[in-house]
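Source file: target_31.cif. Holds: mmCIF, C-alpha atoms and all ligand atoms.
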data_target
loop_
_atom_site.label_atom_id
_atom_site.label_comp_id
_atom_site.auth_asym_id
_atom_site.auth_seq_id
_atom_site.Cartn_x
_atom_site.Cartn_y
_atom_site.Cartn_z
CA MET Y 1 0.00 0.00 0.00
CA TYR Y 2 2.54 2.62 1.17
CA PRO Y 3 6.36 2.54 0.75
CA PHE Y 4 6.51 3.42 4.47
CA LYS Y 5 4.78 2.43 7.69
CA VAL Y 6 1.94 4.80 8.52
CA LYS Y 7 1.87 5.14 12.32
CA GLU Y 8 -1.74 4.60 13.37
CA LYS Y 9 -2.92 7.65 15.27
CA LEU Y 10 -6.18 6.91 17.02
CA THR Y 11 -8.46 9.61 18.35
CA ALA Y 12 -9.78 9.14 21.88
CA TYR Y 13 -13.15 8.14 20.39
CA GLN Y 14 -11.63 5.54 18.03
CA TYR Y 15 -9.42 4.09 20.79
CA LEU Y 16 -12.29 3.70 23.25
CA LEU Y 17 -14.58 2.27 20.55
CA LYS Y 18 -11.91 -0.24 19.52
CA ASP Y 19 -10.64 -1.21 22.94
CA LYS Y 20 -12.10 -0.30 26.30
CA LEU Y 21 -15.67 0.63 25.43
CA ALA Y 22 -16.42 -1.66 22.50
CA GLY Y 23 -19.99 -2.82 21.98
CA ASP Y 24 -23.44 -1.23 21.74
CA LYS Y 25 -23.96 -1.11 25.51
CA ASN Y 26 -21.21 1.53 25.74
CA ARG Y 27 -22.49 3.83 23.01
CA GLU Y 28 -24.05 6.35 25.41
CA LEU Y 29 -20.98 6.43 27.67
CA ILE Y 30 -18.66 7.04 24.71
CA ALA Y 31 -20.99 9.82 23.53
CA LEU Y 32 -21.01 11.35 27.04
CA LEU Y 33 -17.20 11.32 27.08
CA LYS Y 34 -17.27 13.13 23.72
CA ASP Y 35 -19.55 15.80 25.21
CA LEU Y 36 -16.99 16.33 27.99
CA LYS Y 37 -14.12 16.47 25.48
CA LEU Y 38 -15.95 19.12 23.44
CA ALA Y 39 -16.22 21.43 26.47
CA GLY Y 40 -12.59 20.63 27.32
CA ARG Y 41 -11.52 21.82 23.86
CA GLN Y 42 -13.56 25.00 24.29
CA VAL Y 43 -12.04 25.74 27.73
CA SER Y 44 -8.55 25.05 26.33
CA LYS Y 45 -9.15 27.65 23.60
CA GLU Y 46 -10.42 30.23 26.15
CA LEU Y 47 -7.35 29.66 28.32
CA ASN Y 48 -4.88 29.81 25.45
CA THR Y 49 -6.21 33.12 24.23
CA GLY Y 50 -7.12 34.26 27.74
CA ALA Y 51 -4.66 37.08 28.11
CA LEU Y 52 -5.65 38.47 24.68
CA ALA Y 53 -9.31 38.38 25.65
CA GLY Y 54 -8.83 40.25 28.94
CA SER Y 55 -7.54 38.35 31.92
CA LEU Y 56 -9.82 35.45 32.73
CA GLY Y 57 -8.52 35.08 36.24
CA ASP Y 58 -10.30 38.23 37.36
CA TYR Y 59 -12.60 37.99 40.33
CA THR Y 60 -16.25 38.20 39.27
CA GLY Y 61 -17.27 39.72 42.59
CA SER Y 62 -19.18 36.61 43.62
CA LYS Y 63 -18.24 33.68 45.87
CA ASN Y 64 -19.19 30.01 45.50
CA SER Y 65 -20.90 27.86 48.16
CA HIS Y 66 -17.51 27.28 49.75
CA GLY Y 67 -16.85 31.00 50.15
CA GLU Y 68 -14.19 30.95 47.44
CA LYS Y 69 -13.81 33.88 45.02
CA VAL Y 70 -15.25 32.94 41.61
CA LYS Y 71 -13.03 33.90 38.62
CA LYS Y 72 -14.37 34.78 35.17
CA LEU Y 73 -13.14 31.55 33.65
CA ASP Y 74 -14.71 29.47 36.45
CA LEU Y 75 -18.10 30.65 35.21
CA ILE Y 76 -17.22 30.35 31.52
CA ALA Y 77 -15.95 26.79 32.02
CA ASN Y 78 -18.98 25.84 34.13
CA ASN Y 79 -21.36 27.10 31.45
CA LEU Y 80 -19.45 25.37 28.65
CA PHE Y 81 -19.52 21.99 30.41
CA ILE Y 82 -23.16 22.27 31.47
CA LYS Y 83 -24.28 23.33 27.97
CA SER Y 84 -22.34 20.51 26.29
CA LEU Y 85 -23.76 17.94 28.74
CA GLU Y 86 -27.31 19.27 28.40
CA ASN Y 87 -27.19 19.43 24.58
CA GLY Y 88 -25.42 16.06 24.28
CA GLY Y 89 -28.43 14.24 25.75
CA ASN Y 90 -26.29 11.55 27.45
CA CYS Y 91 -26.39 12.97 30.98
CA ALA Y 92 -29.48 13.27 33.20
CA GLY Y 93 -28.02 15.68 35.74
CA VAL Y 94 -24.93 17.42 37.07
CA VAL Y 95 -23.32 18.31 40.38
CA SER Y 96 -20.86 21.15 39.81
CA GLU Y 97 -18.55 22.89 42.26
CA GLU Y 98 -20.00 26.15 40.90
CA ASN Y 99 -23.67 25.23 41.59
CA ASP Y 100 -25.02 24.95 45.14
CA LYS Y 101 -27.67 22.40 44.16
CA ILE Y 102 -27.96 19.51 41.68
CA LEU Y 103 -28.89 20.48 38.11
CA LEU Y 104 -31.36 18.15 36.32
CA PHE Y 105 -31.83 18.29 32.54
CA ASN Y 106 -35.42 18.03 31.31
CA ASN Y 107 -35.02 17.93 27.52
CA GLU Y 108 -36.40 14.82 25.75
CA ASN Y 109 -32.99 13.13 25.36
CA SER Y 110 -31.46 13.97 28.74
CA LYS Y 111 -34.29 13.39 31.17
CA ASN Y 112 -34.08 9.58 30.80
CA ALA Y 113 -30.29 9.42 30.28
CA LYS Y 114 -28.35 6.66 32.06
CA TYR Y 115 -25.52 8.78 33.53
CA LEU Y 116 -24.89 11.46 36.15
CA VAL Y 117 -21.83 13.78 36.01
CA LEU Y 118 -20.10 15.42 38.98
CA ILE Y 119 -17.56 18.05 37.99
CA ASP Y 120 -15.07 20.67 39.07
CA PRO Y 121 -15.10 22.65 35.80
CA LEU Y 122 -11.93 24.57 36.51
CA ASP Y 123 -9.78 23.45 39.42
CA GLY Y 124 -6.93 25.70 40.51
CA SER Y 125 -8.35 28.82 38.88
CA SER Y 126 -6.33 31.07 41.21
CA ASN Y 127 -3.37 30.06 39.00
CA ILE Y 128 -4.88 31.21 35.70
CA ASP Y 129 -3.22 34.61 35.44
CA VAL Y 130 0.23 33.30 36.31
CA ASN Y 131 0.12 30.63 33.59
CA VAL Y 132 0.26 27.67 35.97
CA PRO Y 133 -1.59 24.57 34.69
CA VAL Y 134 -5.23 24.31 35.78
CA GLY Y 135 -7.69 21.52 35.10
CA THR Y 136 -11.17 20.05 34.88
CA ILE Y 137 -11.97 17.02 37.06
CA PHE Y 138 -15.03 14.85 36.46
CA SER Y 139 -16.72 11.74 37.81
CA ILE Y 140 -19.42 9.68 36.06
CA LEU Y 141 -22.01 7.68 38.01
CA LYS Y 142 -24.87 5.49 36.79
CA ARG Y 143 -28.39 6.76 37.33
CA PRO Y 144 -29.86 4.46 40.03
CA ARG Y 145 -32.03 1.78 38.37
CA GLY Y 146 -35.76 2.51 38.21
CA VAL Y 147 -35.50 6.14 39.44
CA LYS Y 148 -37.71 8.34 37.25
CA LYS Y 149 -37.46 11.57 39.26
CA LEU Y 150 -33.86 12.16 40.29
CA SER Y 151 -32.98 13.90 43.56
CA THR Y 152 -29.80 14.75 45.46
CA LYS Y 153 -29.59 11.35 47.17
CA ASP Y 154 -29.15 9.67 43.73
CA PHE Y 155 -25.80 11.48 43.36
CA LEU Y 156 -24.56 10.44 46.83
CA GLN Y 157 -22.90 7.20 45.71
CA GLU Y 158 -19.59 5.85 47.04
CA GLY Y 159 -16.56 6.44 44.82
CA LYS Y 160 -16.24 2.74 44.06
CA LYS Y 161 -19.54 3.00 42.13
CA GLN Y 162 -17.98 5.34 39.53
CA VAL Y 163 -18.36 4.20 35.92
CA ALA Y 164 -15.61 6.53 34.66
CA ALA Y 165 -13.45 9.39 35.92
CA GLY Y 166 -11.06 11.79 34.27
CA TYR Y 167 -9.31 15.09 34.27
CA ILE Y 168 -8.22 17.51 31.59
CA ILE Y 169 -5.00 19.39 32.36
CA TYR Y 170 -4.59 22.70 30.52
CA GLY Y 171 -0.80 23.06 30.57
CA SER Y 172 1.97 23.25 27.96
CA SER Y 173 -0.34 20.86 26.16
CA THR Y 174 -3.95 19.95 26.88
CA ILE Y 175 -4.12 16.34 28.05
CA TYR Y 176 -7.26 14.31 28.84
CA VAL Y 177 -6.60 11.47 31.29
CA LEU Y 178 -9.37 8.90 31.63
CA THR Y 179 -10.28 5.64 33.29
CA VAL Y 180 -13.38 3.60 32.54
CA GLY Y 181 -12.33 0.97 35.06
CA LYS Y 182 -9.91 -0.80 32.69
CA GLY Y 183 -6.67 1.05 33.40
CA VAL Y 184 -5.71 4.66 32.70
CA ASP Y 185 -5.08 6.26 29.29
CA ALA Y 186 -4.04 9.76 28.20
CA PHE Y 187 -5.07 11.68 25.09
CA THR Y 188 -3.30 14.82 23.92
CA LEU Y 189 -5.06 17.64 22.07
CA ASP Y 190 -3.68 18.36 18.61
CA PRO Y 191 -4.61 22.06 18.38
CA PHE Y 192 -4.24 22.08 14.60
CA VAL Y 193 -7.06 19.62 14.05
CA ASN Y 194 -8.65 20.28 17.48
CA GLU Y 195 -8.81 16.54 18.25
CA PHE Y 196 -7.56 14.45 21.19
CA TYR Y 197 -5.23 11.62 20.08
CA VAL Y 198 -3.99 8.66 22.16
CA SER Y 199 -0.65 9.61 23.71
CA GLN Y 200 -0.19 7.12 26.60
CA THR Y 201 -1.99 3.84 27.31
CA ASN Y 202 -2.33 1.77 30.50
CA ILE Y 203 -0.36 4.23 32.61
CA LYS Y 204 1.06 2.77 35.85
CA ILE Y 205 2.07 4.98 38.79
CA PRO Y 206 5.48 4.02 40.27
CA ASN Y 207 5.06 2.19 43.58
CA LYS Y 208 7.27 4.73 45.34
CA ALA Y 209 9.19 7.89 44.55
CA ARG Y 210 11.29 10.58 46.20
CA MET Y 211 8.68 13.33 45.87
CA TYR Y 212 5.91 14.51 48.18
CA SER Y 213 3.44 17.32 47.54
CA VAL Y 214 1.98 19.35 50.43
CA ASN Y 215 1.46 22.99 51.36
CA GLN Y 216 4.37 23.20 53.79
CA GLY Y 217 3.06 26.55 55.01
CA ASN Y 218 0.39 24.65 56.98
CA PHE Y 219 2.98 22.42 58.71
CA PHE Y 220 2.30 23.55 62.28
CA GLU Y 221 -1.47 23.29 61.68
CA PHE Y 222 -1.26 19.60 60.69
CA PRO Y 223 -2.01 16.69 63.06
CA LEU Y 224 1.20 15.73 64.91
CA PRO Y 225 1.51 12.30 63.17
CA LEU Y 226 1.57 14.10 59.80
CA GLN Y 227 4.20 16.53 61.07
CA GLU Y 228 6.26 13.46 62.09
CA TYR Y 229 5.85 11.93 58.62
CA ILE Y 230 6.93 15.15 56.88
CA ARG Y 231 9.98 15.40 59.16
CA TRP Y 232 10.77 11.77 58.20
CA CYS Y 233 10.68 12.78 54.51
CA GLU Y 234 13.15 15.61 55.23
CA GLN Y 235 15.71 13.42 57.07
CA ASN Y 236 18.96 12.41 55.37
CA ASP Y 237 19.04 8.66 54.78
CA GLN Y 238 20.71 7.37 51.63
CA LYS Y 239 19.30 3.85 51.95
CA THR Y 240 15.73 5.15 51.53
CA GLY Y 241 16.66 7.96 49.16
CA ARG Y 242 15.82 10.68 51.67
CA PRO Y 243 15.52 13.64 51.91
CA TYR Y 244 12.64 13.54 49.43
CA SER Y 245 11.89 16.52 47.18
CA LEU Y 246 8.91 18.73 47.92
CA ARG Y 247 6.93 19.68 44.80
CA TYR Y 248 3.72 21.71 45.26
CA VAL Y 249 2.09 23.64 42.40
CA GLY Y 250 -1.10 24.57 44.24
CA SER Y 251 -3.18 23.06 41.44
CA MET Y 252 -4.43 19.54 42.27
CA VAL Y 253 -4.59 18.42 38.65
CA ALA Y 254 -0.98 19.53 38.01
CA ASP Y 255 0.34 17.94 41.22
CA LEU Y 256 -1.52 14.69 40.59
CA HIS Y 257 -0.61 14.50 36.89
CA ARG Y 258 3.07 14.67 37.87
CA SER Y 259 2.51 12.07 40.63
CA LEU Y 260 0.71 9.74 38.19
CA LEU Y 261 3.57 9.84 35.69
CA LYS Y 262 6.59 10.07 38.01
CA GLY Y 263 5.27 8.73 41.30
CA GLY Y 264 4.85 10.64 44.54
CA LEU Y 265 2.48 11.42 47.39
CA PHE Y 266 -0.03 14.28 47.28
CA ILE Y 267 -1.36 15.43 50.64
CA TYR Y 268 -4.27 17.72 51.41
CA SER Y 269 -4.78 17.05 55.12
CA GLN Y 270 -7.13 18.24 57.78
CA SER Y 271 -5.57 21.03 59.86
CA LYS Y 272 -6.46 23.35 62.73
CA ASN Y 273 -7.72 25.92 60.17
CA ALA Y 274 -9.48 23.34 57.98
CA PRO Y 275 -10.69 20.49 60.24
CA LYS Y 276 -11.91 18.41 57.26
CA GLY Y 277 -9.31 19.55 54.72
CA LYS Y 278 -10.32 21.53 51.62
CA LEU Y 279 -10.85 19.22 48.63
CA ARG Y 280 -14.31 17.93 47.72
CA LEU Y 281 -15.07 14.26 47.87
CA MET Y 282 -17.54 13.88 45.00
CA TYR Y 283 -15.80 15.75 42.17
CA GLU Y 284 -12.14 16.02 43.23
CA CYS Y 285 -11.13 13.22 45.63
CA ASN Y 286 -13.30 10.40 44.22
CA PRO Y 287 -12.40 10.83 40.52
CA MET Y 288 -8.71 11.28 41.30
CA ALA Y 289 -8.78 8.26 43.62
CA PHE Y 290 -10.41 6.11 40.90
CA ILE Y 291 -7.76 7.15 38.36
CA ILE Y 292 -4.79 6.67 40.70
CA GLU Y 293 -6.07 3.27 41.95
CA GLN Y 294 -6.65 2.12 38.36
CA ALA Y 295 -2.98 3.05 37.74
CA GLY Y 296 -1.88 0.91 40.72
CA GLY Y 297 -1.74 3.64 43.36
CA LEU Y 298 -3.82 4.27 46.48
CA ALA Y 299 -5.96 7.03 48.04
CA THR Y 300 -7.12 7.33 51.66
CA ASN Y 301 -8.54 10.00 53.95
CA GLY Y 302 -5.93 9.07 56.54
CA LYS Y 303 -8.10 6.31 57.95
CA LYS Y 304 -9.98 4.56 55.12
CA ASN Y 305 -9.97 4.20 51.35
CA ILE Y 306 -11.43 7.31 49.67
CA LEU Y 307 -13.56 5.15 47.34
CA SER Y 308 -15.36 3.52 50.30
CA ILE Y 309 -16.50 6.74 51.97
CA LYS Y 310 -20.30 6.95 52.16
CA PRO Y 311 -21.08 10.53 51.01
CA LYS Y 312 -23.51 12.62 53.06
CA SER Y 313 -23.63 15.78 50.94
CA ILE Y 314 -22.75 16.70 47.35
CA HIS Y 315 -20.13 19.30 48.35
CA GLN Y 316 -18.66 17.25 51.20
CA ILE Y 317 -14.98 17.89 51.97
CA SER Y 318 -12.42 15.18 52.75
CA PRO Y 319 -8.74 14.99 53.70
CA ILE Y 320 -6.82 13.09 51.01
CA PHE Y 321 -3.51 11.21 50.88
CA ILE Y 322 -3.09 9.92 47.32
CA GLY Y 323 -0.39 8.62 44.99
CA SER Y 324 2.25 5.85 45.00
CA LYS Y 325 0.95 2.85 46.92
CA GLU Y 326 3.88 2.36 49.35
CA MET Y 327 3.98 6.09 50.18
CA VAL Y 328 0.23 6.31 50.89
CA GLU Y 329 0.41 3.12 53.00
CA LEU Y 330 3.22 4.59 55.11
CA VAL Y 331 1.62 8.00 55.74
CA THR Y 332 -1.72 6.31 56.49
CA LYS Y 333 0.05 4.04 59.00
CA TYR Y 334 1.44 7.13 60.75
CA LEU Y 335 -1.99 8.76 60.83
CA ARG Y 336 -3.99 5.67 61.82
CA SER Y 337 -1.58 4.81 64.61
CA LYS Y 338 -1.66 8.23 66.21
CA LEU Y 339 -4.43 10.36 64.64
CA LEU Y 340 -6.66 11.83 67.31
CA ASN Y 341 -10.22 11.08 66.18
P1 LIG V 1 -3.87 25.60 49.11
C1 LIG V 1 -6.95 24.96 44.12
O1 LIG V 1 -7.57 26.06 44.76
C2 LIG V 1 -7.23 23.74 44.98
O2 LIG V 1 -8.59 23.48 45.06
C3 LIG V 1 -6.47 22.54 44.43
O3 LIG V 1 -6.36 22.55 43.06
C4 LIG V 1 -5.11 22.66 45.11
O4 LIG V 1 -4.47 21.41 45.26
C5 LIG V 1 -5.47 23.27 46.46
O5 LIG V 1 -6.71 23.96 46.29
C6 LIG V 1 -4.41 24.26 46.93
O6 LIG V 1 -4.85 24.73 48.19
O7 LIG V 1 -4.63 25.78 50.41
O8 LIG V 1 -2.60 24.79 49.31
O9 LIG V 1 -3.61 26.88 48.37
#
Structure translated into structure tokens:
Amino acid sequence: MYPFKVKEKLTAYQYLLKDKLAGDKNRELIALLKDLKLAGRQVSKELNTGALAGSLGDYTGSKNSHGEKVKKLDLIANNLFIKSLENGGNCAGVVSEENDKILLFNNENSKNAKYLVLIDPLDGSSNIDVNVPVGTIFSILKRPRGVKKLSTKDFLQEGKKQVAAGYIIYGSSTIYVLTVGKGVDAFTLDPFVNEFYVSQTNIKIPNKARMYSVNQGNFFEFPLPLQEYIRWCEQNDQKTGRPYSLRYVGSMVADLHRSLLKGGLFIYSQSKNAPKGKLRLMYECNPMAFIIEQAGGLATNGKKNILSIKPKSIHQISPIFIGSKEMVELVTKYLRSKLLN
């Protein structure tokens, strides 16, 4: 056919159709993932031209349900994802960090759709104007069987019930990392054809590494066992490769993308100022935990596996210790042994 080997370049859609989501039963899920990719491409374009269009990191003057300042692009991203999900007809309802309550779609296609989406449309938005990578994090749950009229309780499912989870990191390139429960794959946006192509398949997180990721400024606010663990990381011990390196971007998606590829431990702990931590269970901790565990890592809240936590509210906060298995096991051992309940 050709005098040279044409390297097959599969789009995310073609790869999923061919491999991990083959078969008619997955048609709606593949279509839902396309709806999320569309909004991801739109957010990527907004970010890349952001500075030209007037800084998108500006404060809108309003605060979200967590009392955090809402930036322009937070709202733009939220609207883009909600519109794409509503018009795609593959999602029955959404929990978004930017919306206090659940959002149910009533159009003919969506109202009986099989899937629910929980999303942080733009995580780390305080970094937008200093060009630090930010990201979208999403979790996909199945609509409970036989439920015609959805309500909040239908979204309150344990993380282990997730059908799929992913994030899109808007950095030097825009990368969409996804698990559908059969390992973790990454797709990179080719801006010239505006399509996501397979870039890494079946990613495995190293079992241990010499990097930990925590806001060291909160050190004296942390529980004592965590302070002891961090001091252990800082000690000089060649046999165990210590001292470890501290890497903290202040953008969960950026810190966890590095940990996924190079190994490491990401910590957002409870502290005296934040007794439950800061990150949200349903659309930050759960999706990231599903991805990291599918890559061979681990995620706990310092006592139990993140994916086994029974949620009580859609914006619930949880401490999280996530990353390379051996590192999470060790820090959890410290915390379990001495954490004051
Ligand atoms: P802190 C961004 O605001 C975010 O939600 C995560 O992306 C990030 O990991 C964390 O908060 C940073 O919080 O308190 O260390 O600035």
Exercise. Using only C-alpha atoms and all ligand atoms, find each protein or nucleic acid residue lying at most 7 Å from ligand LIG 1 (chain V); present the set as number ranges by chain.
Key: Y: 123-126, 215, 250-253, 278-279
Exercise. Report the distance between CA of Gln235 in chain Y and CA of Leu330 in chain Y in Å, rounded to one decimal place.
Key: 15.4 Å
Quiz item: What's the 10 Å shell around Tyr283 in chain Y, counting only C-alpha atoms, without same-chain residues fewer than 6 positions away, as a VMD selection string?
Solution: chain Y and resid 95 to 97 117 to 121 136 to 140 159 165 314 to 316
Counting only C-alpha atoms, which residues of range 242-316 of chain Y sit at most 7 Å from some atom of range 189-212 of chain Y, and what is each one's closest atom pair with its distance in Å to one decimal, listed by chain and rising residue number, as a tab-separated table?
residue	atom	partner	partner_atom	distance
Y:Tyr244	CA	Y:Arg210	CA	4.6
Y:Ser245	CA	Y:Met211	CA	4.7
Y:Leu246	CA	Y:Tyr212	CA	5.2
Y:Arg247	CA	Y:Tyr212	CA	6.3
Y:Leu260	CA	Y:Ile205	CA	5.0
Y:Leu261	CA	Y:Ile205	CA	6.0
Y:Lys262	CA	Y:Pro206	CA	6.6
Y:Gly263	CA	Y:Pro206	CA	4.8
Y:Gly264	CA	Y:Met211	CA	4.9
Y:Leu265	CA	Y:Tyr212	CA	4.7
Y:Phe266	CA	Y:Tyr212	CA	6.0
Y:Ala295	CA	Y:Lys204	CA	4.5
Y:Gly296	CA	Y:Lys204	CA	6.0
Y:Gly297	CA	Y:Ile205	CA	6.1
Selected residues written out, C-alpha atoms, as an mmCIF file, keeping the file's coordinate frame:
data_model
loop_
_atom_site.group_PDB
_atom_site.id
_atom_site.type_symbol
_atom_site.label_atom_id
_atom_site.label_comp_id
_atom_site.auth_asym_id
_atom_site.auth_seq_id
_atom_site.Cartn_x
_atom_site.Cartn_y
_atom_site.Cartn_z
ATOM 1 C CA TYR Y 244 12.640 13.540 49.430
ATOM 2 C CA SER Y 245 11.890 16.520 47.180
ATOM 3 C CA LEU Y 246 8.910 18.730 47.920
ATOM 4 C CA ARG Y 247 6.930 19.680 44.800
ATOM 5 C CA LEU Y 260 0.710 9.740 38.190
ATOM 6 C CA LEU Y 261 3.570 9.840 35.690
ATOM 7 C CA LYS Y 262 6.590 10.070 38.010
ATOM 8 C CA GLY Y 263 5.270 8.730 41.300
ATOM 9 C CA GLY Y 264 4.850 10.640 44.540
ATOM 10 C CA LEU Y 265 2.480 11.420 47.390
ATOM 11 C CA PHE Y 266 -0.030 14.280 47.280
ATOM 12 C CA ALA Y 295 -2.980 3.050 37.740
ATOM 13 C CA GLY Y 296 -1.880 0.910 40.720
ATOM 14 C CA GLY Y 297 -1.740 3.640 43.360
#
Quiz prompt | Neighbour list for Gly166 in chain Y as a PyMOL selection string, cut-off 10 Å, all atoms listed in the file, skip fewer than 6 positions in-chain | solution = chain Y and resi 33+36+119+136-140+176-180+184-186+284+287-288+290-291
Keeping C-alpha atoms, export the residues of the selection given above as an mmCIF file, keeping the file's coordinate frame.
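The resulting part.cif:
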data_model
loop_
_atom_site.group_PDB
_atom_site.id
_atom_site.type_symbol
_atom_site.label_atom_id
_atom_site.label_comp_id
_atom_site.auth_asym_id
_atom_site.auth_seq_id
_atom_site.Cartn_x
_atom_site.Cartn_y
_atom_site.Cartn_z
ATOM 1 C CA LEU Y 33 -17.200 11.320 27.080
ATOM 2 C CA LEU Y 36 -16.990 16.330 27.990
ATOM 3 C CA ILE Y 119 -17.560 18.050 37.990
ATOM 4 C CA THR Y 136 -11.170 20.050 34.880
ATOM 5 C CA ILE Y 137 -11.970 17.020 37.060
ATOM 6 C CA PHE Y 138 -15.030 14.850 36.460
ATOM 7 C CA SER Y 139 -16.720 11.740 37.810
ATOM 8 C CA ILE Y 140 -19.420 9.680 36.060
ATOM 9 C CA TYR Y 176 -7.260 14.310 28.840
ATOM 10 C CA VAL Y 177 -6.600 11.470 31.290
ATOM 11 C CA LEU Y 178 -9.370 8.900 31.630
ATOM 12 C CA THR Y 179 -10.280 5.640 33.290
ATOM 13 C CA VAL Y 180 -13.380 3.600 32.540
ATOM 14 C CA VAL Y 184 -5.710 4.660 32.700
ATOM 15 C CA ASP Y 185 -5.080 6.260 29.290
ATOM 16 C CA ALA Y 186 -4.040 9.760 28.200
ATOM 17 C CA GLU Y 284 -12.140 16.020 43.230
ATOM 18 C CA PRO Y 287 -12.400 10.830 40.520
ATOM 19 C CA MET Y 288 -8.710 11.280 41.300
ATOM 20 C CA PHE Y 290 -10.410 6.110 40.900
ATOM 21 C CA ILE Y 291 -7.760 7.150 38.360
#
Practice problem: Quick one: everything within 9 Å of Phe81 in chain Y, counting only C-alpha atoms, minus sequence neighbours fewer than 5 positions away in the same chain. Send it as a list in words. | Solution: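 So the residues in contact are Asp35, Leu36, Leu38, Ala39, Gly40, Val43, Ile76, Glu86, Ile119 and Pro121 of chain Y.
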Quiz item: For Asn90 in chain Y, which residue out of Y:Gln270, Y:Asn64, Y:Thr152, Y:Asn26 is the nearest one, using all atoms listed in the file?
Solution: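 Result for the nearest residue to Asn90 in chain Y: Y:Asn26.
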Quiz item: In Å, with one decimal, what is the gap from CA of Lys20 in chain Y to CA of Lys34 in chain Y?
Solution: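 Rounded to one decimal, the two atoms are 14.6 Å apart.
Counting only C-alpha atoms and comparing Y:Gly302, Y:Gly88, Y:Gly171, Y:Gly146, the residue that lies closest to Val134 in chain Y is Y:Gly171.
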Exercise. For CA of Ser151 in chain Y and CA of Asn87 in chain Y, determine how far apart the two atoms are, in Å to one decimal place.
Key: 20.6 Å
Exercise. Identify, on the basis of all atoms listed in the file, every residue whose closest approach to Ser65 in chain Y does not exceed 8 Å; exclude the query and any residue fewer than 3 positions from it along the same chain; express the result as a PyMOL selection string.
Key: chain Y and resi 68+98-100
Would you export the selected residues with C-alpha atoms as a compact mmCIF listing (two decimals), in the coordinates of the input, please?
# COMPACT_ATOMS: atom_id res chain seq x y z
CA GLU Y 68 -14.19 30.95 47.44
CA GLU Y 98 -20.00 26.15 40.90
CA ASN Y 99 -23.67 25.23 41.59
CA ASP Y 100 -25.02 24.95 45.14
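Among the candidate residues Y:Lys312, Y:Tyr59, Y:Leu298, Y:Pro319, the one lying nearest to Arg280 in chain Y is Y:Pro319, with distances computed using all atoms listed in the file.
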